[in-house]
$ cat work-v6.pdb   # PDB, C-alpha atoms, pLDDT in the B column
ATOM      1  CA  MET F   1      -5.572   3.696  -0.829  1.00 97.00           C
ATOM      2  CA  LEU F   2      -5.855   1.249  -3.703  1.00 98.00           C
ATOM      3  CA  ASN F   3      -5.540  -2.502  -3.239  1.00 95.00           C
ATOM      4  CA  ASP F   4      -5.264  -5.426  -5.635  1.00 94.00           C
ATOM      5  CA  ALA F   5      -8.690  -7.121  -5.532  1.00 93.00           C
ATOM      6  CA  ASP F   6      -7.175 -10.323  -6.912  1.00 90.00           C
ATOM      7  CA  CYS F   7      -4.821 -10.663  -3.938  1.00 91.00           C
ATOM      8  CA  GLY F   8      -6.219 -12.076  -0.708  1.00 90.00           C
ATOM      9  CA  PHE F   9      -3.284 -10.741   1.321  1.00 90.00           C
ATOM     10  CA  CYS F  10      -3.818  -7.222  -0.077  1.00 92.00           C
ATOM     11  CA  MET F  11      -7.537  -7.286   0.632  1.00 93.00           C
ATOM     12  CA  ARG F  12      -6.983  -8.637   4.143  1.00 91.00           C
ATOM     13  CA  THR F  13      -4.492  -5.855   4.793  1.00 91.00           C
ATOM     14  CA  ALA F  14      -7.004  -3.315   3.450  1.00 93.00           C
ATOM     15  CA  THR F  15      -9.542  -4.443   6.054  1.00 93.00           C
ATOM     16  CA  LEU F  16      -6.990  -4.109   8.863  1.00 93.00           C
ATOM     17  CA  VAL F  17      -5.638  -0.646   7.986  1.00 94.00           C
ATOM     18  CA  PRO F  18      -8.789   1.286   9.082  1.00 94.00           C
ATOM     19  CA  ARG F  19      -8.404  -0.245  12.547  1.00 96.00           C
ATOM     20  CA  LEU F  20      -5.299   1.930  12.939  1.00 97.00           C
ATOM     21  CA  GLY F  21      -7.523   5.015  12.965  1.00 97.00           C
ATOM     22  CA  VAL F  22      -6.181   6.396   9.696  1.00 97.00           C
ATOM     23  CA  ASP F  23      -8.208   8.831   7.617  1.00 96.00           C
ATOM     24  CA  VAL F  24      -8.145   7.236   4.155  1.00 96.00           C
ATOM     25  CA  GLU F  25     -10.645   5.826   1.716  1.00 95.00           C
ATOM     26  CA  SER F  26     -10.010   2.389   0.298  1.00 95.00           C
ATOM     27  CA  SER F  27     -10.826   1.039  -3.139  1.00 97.00           C
ATOM     28  CA  THR F  28      -9.434  -1.563  -5.495  1.00 97.00           C
ATOM     29  CA  VAL F  29      -7.092  -1.027  -8.395  1.00 97.00           C
ATOM     30  CA  GLN F  30      -9.556  -2.902 -10.582  1.00 96.00           C
ATOM     31  CA  SER F  31     -12.533  -0.647  -9.760  1.00 97.00           C
ATOM     32  CA  ALA F  32     -10.803   2.753  -9.789  1.00 97.00           C
ATOM     33  CA  ASP F  33     -10.291   5.033 -12.786  1.00 98.00           C
ATOM     34  CA  LEU F  34      -6.511   4.861 -12.577  1.00 98.00           C
ATOM     35  CA  ALA F  35      -5.874   7.234 -15.466  1.00 98.00           C
ATOM     36  CA  ALA F  36      -8.060   9.913 -13.885  1.00 98.00           C
ATOM     37  CA  LEU F  37      -6.219   9.460 -10.595  1.00 98.00           C
ATOM     38  CA  GLY F  38      -2.779   9.583 -12.229  1.00 98.00           C
ATOM     39  CA  VAL F  39      -1.946   6.045 -11.085  1.00 98.00           C
ATOM     40  CA  ASP F  40       0.379   3.825 -13.127  1.00 98.00           C
ATOM     41  CA  GLU F  41      -1.628   0.612 -13.647  1.00 95.00           C
ATOM     42  CA  GLU F  42       1.351  -1.752 -13.936  1.00 94.00           C
ATOM     43  CA  ARG F  43       3.041  -0.298 -10.891  1.00 96.00           C
ATOM     44  CA  ALA F  44      -0.229  -0.370  -8.915  1.00 96.00           C
ATOM     45  CA  LEU F  45      -0.392  -4.165  -9.225  1.00 91.00           C
ATOM     46  CA  VAL F  46       3.101  -4.483  -7.742  1.00 93.00           C
ATOM     47  CA  GLU F  47       3.158  -1.609  -5.226  1.00 96.00           C
ATOM     48  CA  MET F  48       0.119  -0.288  -3.382  1.00 97.00           C
ATOM     49  CA  PRO F  49      -0.725   3.263  -4.490  1.00 98.00           C
ATOM     50  CA  TYR F  50      -2.038   5.992  -2.250  1.00 98.00           C
ATOM     51  CA  VAL F  51      -3.556   9.056  -3.896  1.00 98.00           C
ATOM     52  CA  HIS F  52      -3.204  12.114  -1.655  1.00 98.00           C
ATOM     53  CA  PRO F  53      -6.118  14.580  -1.452  1.00 97.00           C
ATOM     54  CA  ASP F  54      -4.039  17.005  -3.583  1.00 98.00           C
ATOM     55  CA  GLY F  55      -3.610  14.355  -6.326  1.00 97.00           C
ATOM     56  CA  ARG F  56      -0.015  13.307  -5.635  1.00 98.00           C
ATOM     57  CA  VAL F  57       0.532   9.548  -5.806  1.00 98.00           C
ATOM     58  CA  ASP F  58       2.871   7.526  -3.606  1.00 98.00           C
ATOM     59  CA  TYR F  59       3.593   3.831  -4.045  1.00 98.00           C
ATOM     60  CA  GLY F  60       4.833   1.017  -1.829  1.00 98.00           C
ATOM     61  CA  HIS F  61       6.394   1.886   1.496  1.00 98.00           C
ATOM     62  CA  GLN F  62       5.991   5.610   0.836  1.00 98.00           C
ATOM     63  CA  ALA F  63       2.255   5.057   0.281  1.00 98.00           C
ATOM     64  CA  PHE F  64       1.976   3.104   3.513  1.00 97.00           C
ATOM     65  CA  ALA F  65       3.925   5.810   5.363  1.00 98.00           C
ATOM     66  CA  ALA F  66       1.592   8.494   3.967  1.00 98.00           C
ATOM     67  CA  ILE F  67      -1.423   6.461   5.084  1.00 98.00           C
ATOM     68  CA  LEU F  68      -0.014   6.127   8.610  1.00 98.00           C
ATOM     69  CA  ARG F  69       0.587   9.895   8.736  1.00 98.00           C
ATOM     70  CA  THR F  70      -3.186  10.432   8.465  1.00 98.00           C
ATOM     71  CA  GLY F  71      -3.760   8.552  11.725  1.00 98.00           C
ATOM     72  CA  PRO F  72      -3.244   9.238  15.410  1.00 98.00           C
ATOM     73  CA  LEU F  73      -0.038   8.953  17.382  1.00 97.00           C
ATOM     74  CA  PRO F  74       1.948   6.715  17.376  1.00 97.00           C
ATOM     75  CA  TRP F  75       1.091   5.879  13.735  1.00 98.00           C
ATOM     76  CA  ARG F  76       1.809   9.419  12.506  1.00 98.00           C
ATOM     77  CA  LEU F  77       5.273   9.170  14.018  1.00 98.00           C
ATOM     78  CA  VAL F  78       5.873   5.727  12.495  1.00 98.00           C
ATOM     79  CA  GLY F  79       4.793   7.090   9.107  1.00 98.00           C
ATOM     80  CA  ARG F  80       7.253   9.958   9.387  1.00 98.00           C
ATOM     81  CA  LEU F  81      10.092   7.704  10.514  1.00 98.00           C
ATOM     82  CA  MET F  82       9.545   5.316   7.605  1.00 98.00           C
ATOM     83  CA  THR F  83      10.657   7.970   5.128  1.00 97.00           C
ATOM     84  CA  THR F  84      13.597   9.425   7.055  1.00 98.00           C
ATOM     85  CA  ARG F  85      17.068   8.949   5.678  1.00 96.00           C
ATOM     86  CA  PRO F  86      18.233   6.101   7.924  1.00 96.00           C
ATOM     87  CA  VAL F  87      14.939   4.154   7.884  1.00 98.00           C
ATOM     88  CA  ASP F  88      13.791   4.690   4.277  1.00 98.00           C
ATOM     89  CA  PRO F  89      16.079   2.078   2.650  1.00 98.00           C
ATOM     90  CA  VAL F  90      15.101  -0.525   5.254  1.00 98.00           C
ATOM     91  CA  ALA F  91      11.379   0.228   4.841  1.00 98.00           C
ATOM     92  CA  ARG F  92      11.748   0.056   1.054  1.00 98.00           C
ATOM     93  CA  ARG F  93      13.442  -3.359   1.199  1.00 98.00           C
ATOM     94  CA  ALA F  94      10.907  -4.664   3.735  1.00 97.00           C
ATOM     95  CA  TYR F  95       7.993  -3.528   1.559  1.00 97.00           C
ATOM     96  CA  HIS F  96       9.508  -5.124  -1.552  1.00 96.00           C
ATOM     97  CA  TRP F  97      10.105  -8.389   0.320  1.00 96.00           C
ATOM     98  CA  ILE F  98       6.486  -8.415   1.515  1.00 95.00           C
ATOM     99  CA  ALA F  99       5.199  -7.631  -1.993  1.00 93.00           C
ATOM    100  CA  ALA F 100       7.377 -10.341  -3.537  1.00 94.00           C
ATOM    101  CA  ASN F 101       6.180 -12.898  -0.982  1.00 95.00           C
ATOM    102  CA  ARG F 102       2.557 -11.839  -0.536  1.00 93.00           C
ATOM    103  CA  SER F 103       1.283 -15.139  -1.940  1.00 93.00           C
ATOM    104  CA  ARG F 104       2.977 -16.907   1.000  1.00 93.00           C
ATOM    105  CA  LEU F 105       1.762 -14.548   3.730  1.00 91.00           C
ATOM    106  CA  PRO F 106      -1.477 -14.931   5.753  1.00 88.00           C
ATOM    107  CA  GLY F 107      -4.443 -14.520   3.440  1.00 88.00           C
ATOM    108  CA  GLY F 108      -2.237 -14.955   0.402  1.00 90.00           C
ATOM    109  CA  THR F 109      -3.142 -17.241  -2.479  1.00 87.00           C
ATOM    110  CA  PRO F 110      -1.404 -18.215  -5.722  1.00 89.00           C
ATOM    111  CA  ALA F 111      -3.325 -15.336  -7.374  1.00 85.00           C
ATOM    112  CA  CYS F 112      -1.319 -12.931  -5.187  1.00 87.00           C
ATOM    113  CA  SER F 113       1.978 -13.978  -6.720  1.00 88.00           C
ATOM    114  CA  LEU F 114       3.744 -11.272  -8.691  1.00 82.00           C
ATOM    115  CA  ASP F 115       5.042 -14.043 -10.974  1.00 79.00           C
ATOM    116  CA  ALA F 116       1.431 -14.702 -11.998  1.00 60.00           C
ATOM    117  CA  ARG F 117       1.223 -11.136 -13.304  1.00 56.00           C
TER     118      ARG F 117
END

$ encode --input "work-v6.pdb" --output "structure tokens"
Amino acid sequence: MLNDADCGFCMRTATLVPRLGVDVESSTVQSADLAALGVDEERALVEMPYVHPDGRVDYGHQAFAAILRTGPLPWRLVGRLMTTRPVDPVARRAYHWIAANRSRLPGGTPACSLDAR
């Protein structure tokens, strides 16, 4: 799981995710070798990337769903539901709204704003 180190909201979220009991490692976009991981740098600053153990990369709501699927019930179930046909479009829109407004959310700062990028 890669987070934007310049975004307080992202870093706060990164500290909360392990409390869900998920089995992921966390690092920052700025400290990771993105090219070696196959992560698109521009996209990674807008949508959180998750690099699967097999090297596949998911972004945004699909990344968050994949992260949840590494945890215990009920999080595994929530992660699966997030990418099902009826829920996927809603989860995608919710993630994009959160990303677009992360500077206004708890822990957010002006540096979190996507407009500042």

$ axis_aligned_box --input "work-v6.pdb" --around "stretch 62-68 of chain F" --padding-each-side "5 Å" --output "AutoDock Vina command-line options"
--center_x 2.3 --center_y 5.8 --center_z 4.4 --size_x 17.4 --size_y 15.4 --size_z 18.3

$ closest_residue --input "work-v6.pdb" --among "F:Ser31, F:Thr70, F:Gln62, F:Asn101" --to "F:Asp6" --atoms "all atoms listed in the file"
F:Ser31

$ resolve_selection --input "work-v6.pdb" --expression "the PyMOL selection byres ((chain F and resi 33-50) around 10)" --output "ChimeraX atom specification"
/F:1-7,10,24-26,28-32,51-53,55-67,95-96,99-100,112-114,117

$ atom_distance --input "work-v6.pdb" --atom1 "atom CA of F:Pro89" --atom2 "atom CA of F:Pro110"
28.1 Å

$ residues_around --input "work-v6.pdb" --residues "F:Trp75" --least-positions-apart "6" --cutoff "9 Å" --atoms "only C-alpha atoms" --output "list of chain:residue names"
F:Leu20, F:Gly21, F:Val22, F:Ala65, F:Leu68, F:Arg69

$ closest_atom_pairs --input "work-v6.pdb" --of "stretch 68-117 of chain F" --to "stretch 13-16 of chain F" --cutoff "12 Å" --atoms "only C-alpha atoms" --output "JSON lines"
{"residue": "F:Ile98", "atom": "CA", "partner": "F:Thr13", "partner_atom": "CA", "distance": 11.7}
{"residue": "F:Ala99", "atom": "CA", "partner": "F:Thr13", "partner_atom": "CA", "distance": 12.0}
{"residue": "F:Arg102", "atom": "CA", "partner": "F:Thr13", "partner_atom": "CA", "distance": 10.7}
{"residue": "F:Leu105", "atom": "CA", "partner": "F:Thr13", "partner_atom": "CA", "distance": 10.8}
{"residue": "F:Pro106", "atom": "CA", "partner": "F:Thr13", "partner_atom": "CA", "distance": 9.6}
{"residue": "F:Gly107", "atom": "CA", "partner": "F:Thr13", "partner_atom": "CA", "distance": 8.8}
{"residue": "F:Gly108", "atom": "CA", "partner": "F:Thr13", "partner_atom": "CA", "distance": 10.4}

$ atom_distance --input "work-v6.pdb" --atom1 "atom CA of F:Asp54" --atom2 "atom CA of F:Phe9"
28.2 Å

$ atom_distance --input "work-v6.pdb" --atom1 "atom CA of F:Ala94" --atom2 "atom CA of F:Asp23"
23.7 Å

$ build_atoms --input "work-v6.pdb" --residues "stretch 59-95 of chain F" --atoms "N, CA and C atoms" --output "PDB file, in the coordinates of the input"
ATOM      1  N   TYR F  59       3.685   5.275  -3.867  1.00 98.00           N
ATOM      2  CA  TYR F  59       3.593   3.831  -4.045  1.00 98.00           C
ATOM      3  C   TYR F  59       4.412   3.124  -2.968  1.00 98.00           C
ATOM      4  N   GLY F  60       4.049   1.869  -2.710  1.00 98.00           N
ATOM      5  CA  GLY F  60       4.833   1.017  -1.829  1.00 98.00           C
ATOM      6  C   GLY F  60       4.957   1.527  -0.414  1.00 98.00           C
ATOM      7  N   HIS F  61       6.181   1.492   0.099  1.00 98.00           N
ATOM      8  CA  HIS F  61       6.394   1.886   1.496  1.00 98.00           C
ATOM      9  C   HIS F  61       6.083   3.365   1.714  1.00 98.00           C
ATOM     10  N   GLN F  62       6.309   4.190   0.690  1.00 98.00           N
ATOM     11  CA  GLN F  62       5.991   5.610   0.836  1.00 98.00           C
ATOM     12  C   GLN F  62       4.478   5.815   0.918  1.00 98.00           C
ATOM     13  N   ALA F  63       3.718   4.994   0.191  1.00 98.00           N
ATOM     14  CA  ALA F  63       2.255   5.057   0.281  1.00 98.00           C
ATOM     15  C   ALA F  63       1.803   4.650   1.679  1.00 98.00           C
ATOM     16  N   PHE F  64       2.366   3.561   2.184  1.00 97.00           N
ATOM     17  CA  PHE F  64       1.976   3.104   3.513  1.00 97.00           C
ATOM     18  C   PHE F  64       2.345   4.139   4.574  1.00 97.00           C
ATOM     19  N   ALA F  65       3.513   4.761   4.425  1.00 98.00           N
ATOM     20  CA  ALA F  65       3.925   5.810   5.363  1.00 98.00           C
ATOM     21  C   ALA F  65       2.953   6.991   5.311  1.00 98.00           C
ATOM     22  N   ALA F  66       2.539   7.380   4.111  1.00 98.00           N
ATOM     23  CA  ALA F  66       1.592   8.494   3.967  1.00 98.00           C
ATOM     24  C   ALA F  66       0.253   8.152   4.611  1.00 98.00           C
ATOM     25  N   ILE F  67      -0.173   6.913   4.463  1.00 98.00           N
ATOM     26  CA  ILE F  67      -1.423   6.461   5.084  1.00 98.00           C
ATOM     27  C   ILE F  67      -1.310   6.556   6.604  1.00 98.00           C
ATOM     28  N   LEU F  68      -0.210   6.070   7.156  1.00 98.00           N
ATOM     29  CA  LEU F  68      -0.014   6.127   8.610  1.00 98.00           C
ATOM     30  C   LEU F  68      -0.002   7.564   9.119  1.00 98.00           C
ATOM     31  N   ARG F  69       0.526   8.493   8.318  1.00 98.00           N
ATOM     32  CA  ARG F  69       0.587   9.895   8.736  1.00 98.00           C
ATOM     33  C   ARG F  69      -0.787  10.542   8.839  1.00 98.00           C
ATOM     34  N   THR F  70      -1.833   9.884   8.322  1.00 98.00           N
ATOM     35  CA  THR F  70      -3.186  10.432   8.465  1.00 98.00           C
ATOM     36  C   THR F  70      -3.838   9.988   9.770  1.00 98.00           C
ATOM     37  N   GLY F  71      -3.184   9.109  10.506  1.00 98.00           N
ATOM     38  CA  GLY F  71      -3.760   8.552  11.725  1.00 98.00           C
ATOM     39  C   GLY F  71      -3.275   9.241  12.986  1.00 98.00           C
ATOM     40  N   PRO F  72      -3.650   8.673  14.117  1.00 98.00           N
ATOM     41  CA  PRO F  72      -3.244   9.238  15.410  1.00 98.00           C
ATOM     42  C   PRO F  72      -1.824   8.804  15.771  1.00 98.00           C
ATOM     43  N   LEU F  73      -1.294   9.441  16.816  1.00 97.00           N
ATOM     44  CA  LEU F  73      -0.038   8.953  17.382  1.00 97.00           C
ATOM     45  C   LEU F  73      -0.297   7.559  17.912  1.00 97.00           C
ATOM     46  N   PRO F  74       0.568   6.645  17.845  1.00 97.00           N
ATOM     47  CA  PRO F  74       1.948   6.715  17.376  1.00 97.00           C
ATOM     48  C   PRO F  74       2.092   6.504  15.871  1.00 97.00           C
ATOM     49  N   TRP F  75       0.992   6.207  15.161  1.00 98.00           N
ATOM     50  CA  TRP F  75       1.091   5.879  13.735  1.00 98.00           C
ATOM     51  C   TRP F  75       1.633   7.033  12.904  1.00 98.00           C
ATOM     52  N   ARG F  76       1.264   8.271  13.241  1.00 98.00           N
ATOM     53  CA  ARG F  76       1.809   9.419  12.506  1.00 98.00           C
ATOM     54  C   ARG F  76       3.329   9.435  12.608  1.00 98.00           C
ATOM     55  N   LEU F  77       3.827   9.187  13.801  1.00 98.00           N
ATOM     56  CA  LEU F  77       5.273   9.170  14.018  1.00 98.00           C
ATOM     57  C   LEU F  77       5.932   8.040  13.229  1.00 98.00           C
ATOM     58  N   VAL F  78       5.337   6.866  13.251  1.00 98.00           N
ATOM     59  CA  VAL F  78       5.873   5.727  12.495  1.00 98.00           C
ATOM     60  C   VAL F  78       5.907   6.077  11.003  1.00 98.00           C
ATOM     61  N   GLY F  79       4.833   6.695  10.509  1.00 98.00           N
ATOM     62  CA  GLY F  79       4.793   7.090   9.107  1.00 98.00           C
ATOM     63  C   GLY F  79       5.894   8.069   8.750  1.00 98.00           C
ATOM     64  N   ARG F  80       6.165   8.996   9.637  1.00 98.00           N
ATOM     65  CA  ARG F  80       7.253   9.958   9.387  1.00 98.00           C
ATOM     66  C   ARG F  80       8.617   9.270   9.418  1.00 98.00           C
ATOM     67  N   LEU F  81       8.809   8.402  10.395  1.00 98.00           N
ATOM     68  CA  LEU F  81      10.092   7.704  10.514  1.00 98.00           C
ATOM     69  C   LEU F  81      10.386   6.817   9.309  1.00 98.00           C
ATOM     70  N   MET F  82       9.357   6.231   8.733  1.00 98.00           N
ATOM     71  CA  MET F  82       9.545   5.316   7.605  1.00 98.00           C
ATOM     72  C   MET F  82      10.202   5.976   6.399  1.00 98.00           C
ATOM     73  N   THR F  83      10.090   7.285   6.287  1.00 97.00           N
ATOM     74  CA  THR F  83      10.657   7.970   5.128  1.00 97.00           C
ATOM     75  C   THR F  83      11.863   8.837   5.477  1.00 97.00           C
ATOM     76  N   THR F  84      12.380   8.685   6.688  1.00 98.00           N
ATOM     77  CA  THR F  84      13.597   9.425   7.055  1.00 98.00           C
ATOM     78  C   THR F  84      14.810   8.716   6.466  1.00 98.00           C
ATOM     79  N   ARG F  85      15.861   9.452   6.343  1.00 96.00           N
ATOM     80  CA  ARG F  85      17.068   8.949   5.678  1.00 96.00           C
ATOM     81  C   ARG F  85      17.548   7.595   6.205  1.00 96.00           C
ATOM     82  N   PRO F  86      17.686   7.399   7.510  1.00 96.00           N
ATOM     83  CA  PRO F  86      18.233   6.101   7.924  1.00 96.00           C
ATOM     84  C   PRO F  86      17.232   4.948   7.795  1.00 96.00           C
ATOM     85  N   VAL F  87      15.942   5.222   7.874  1.00 98.00           N
ATOM     86  CA  VAL F  87      14.939   4.154   7.884  1.00 98.00           C
ATOM     87  C   VAL F  87      14.411   3.853   6.481  1.00 98.00           C
ATOM     88  N   ASP F  88      14.380   4.838   5.606  1.00 98.00           N
ATOM     89  CA  ASP F  88      13.791   4.690   4.277  1.00 98.00           C
ATOM     90  C   ASP F  88      14.309   3.464   3.510  1.00 98.00           C
ATOM     91  N   PRO F  89      15.613   3.248   3.411  1.00 98.00           N
ATOM     92  CA  PRO F  89      16.079   2.078   2.650  1.00 98.00           C
ATOM     93  C   PRO F  89      15.625   0.742   3.265  1.00 98.00           C
ATOM     94  N   VAL F  90      15.555   0.697   4.575  1.00 98.00           N
ATOM     95  CA  VAL F  90      15.101  -0.525   5.254  1.00 98.00           C
ATOM     96  C   VAL F  90      13.611  -0.738   4.987  1.00 98.00           C
ATOM     97  N   ALA F  91      12.820   0.320   5.097  1.00 98.00           N
ATOM     98  CA  ALA F  91      11.379   0.228   4.841  1.00 98.00           C
ATOM     99  C   ALA F  91      11.116  -0.156   3.390  1.00 98.00           C
ATOM    100  N   ARG F  92      11.895   0.381   2.479  1.00 98.00           N
ATOM    101  CA  ARG F  92      11.748   0.056   1.054  1.00 98.00           C
ATOM    102  C   ARG F  92      12.011  -1.439   0.815  1.00 98.00           C
ATOM    103  N   ARG F  93      13.108  -1.928   1.371  1.00 98.00           N
ATOM    104  CA  ARG F  93      13.442  -3.359   1.199  1.00 98.00           C
ATOM    105  C   ARG F  93      12.403  -4.247   1.856  1.00 98.00           C
ATOM    106  N   ALA F  94      11.929  -3.865   3.041  1.00 97.00           N
ATOM    107  CA  ALA F  94      10.907  -4.664   3.735  1.00 97.00           C
ATOM    108  C   ALA F  94       9.624  -4.706   2.913  1.00 97.00           C
ATOM    109  N   TYR F  95       9.210  -3.561   2.374  1.00 97.00           N
ATOM    110  CA  TYR F  95       7.993  -3.528   1.559  1.00 97.00           C
ATOM    111  C   TYR F  95       8.155  -4.416   0.329  1.00 97.00           C
TER     112      TYR F  95
END
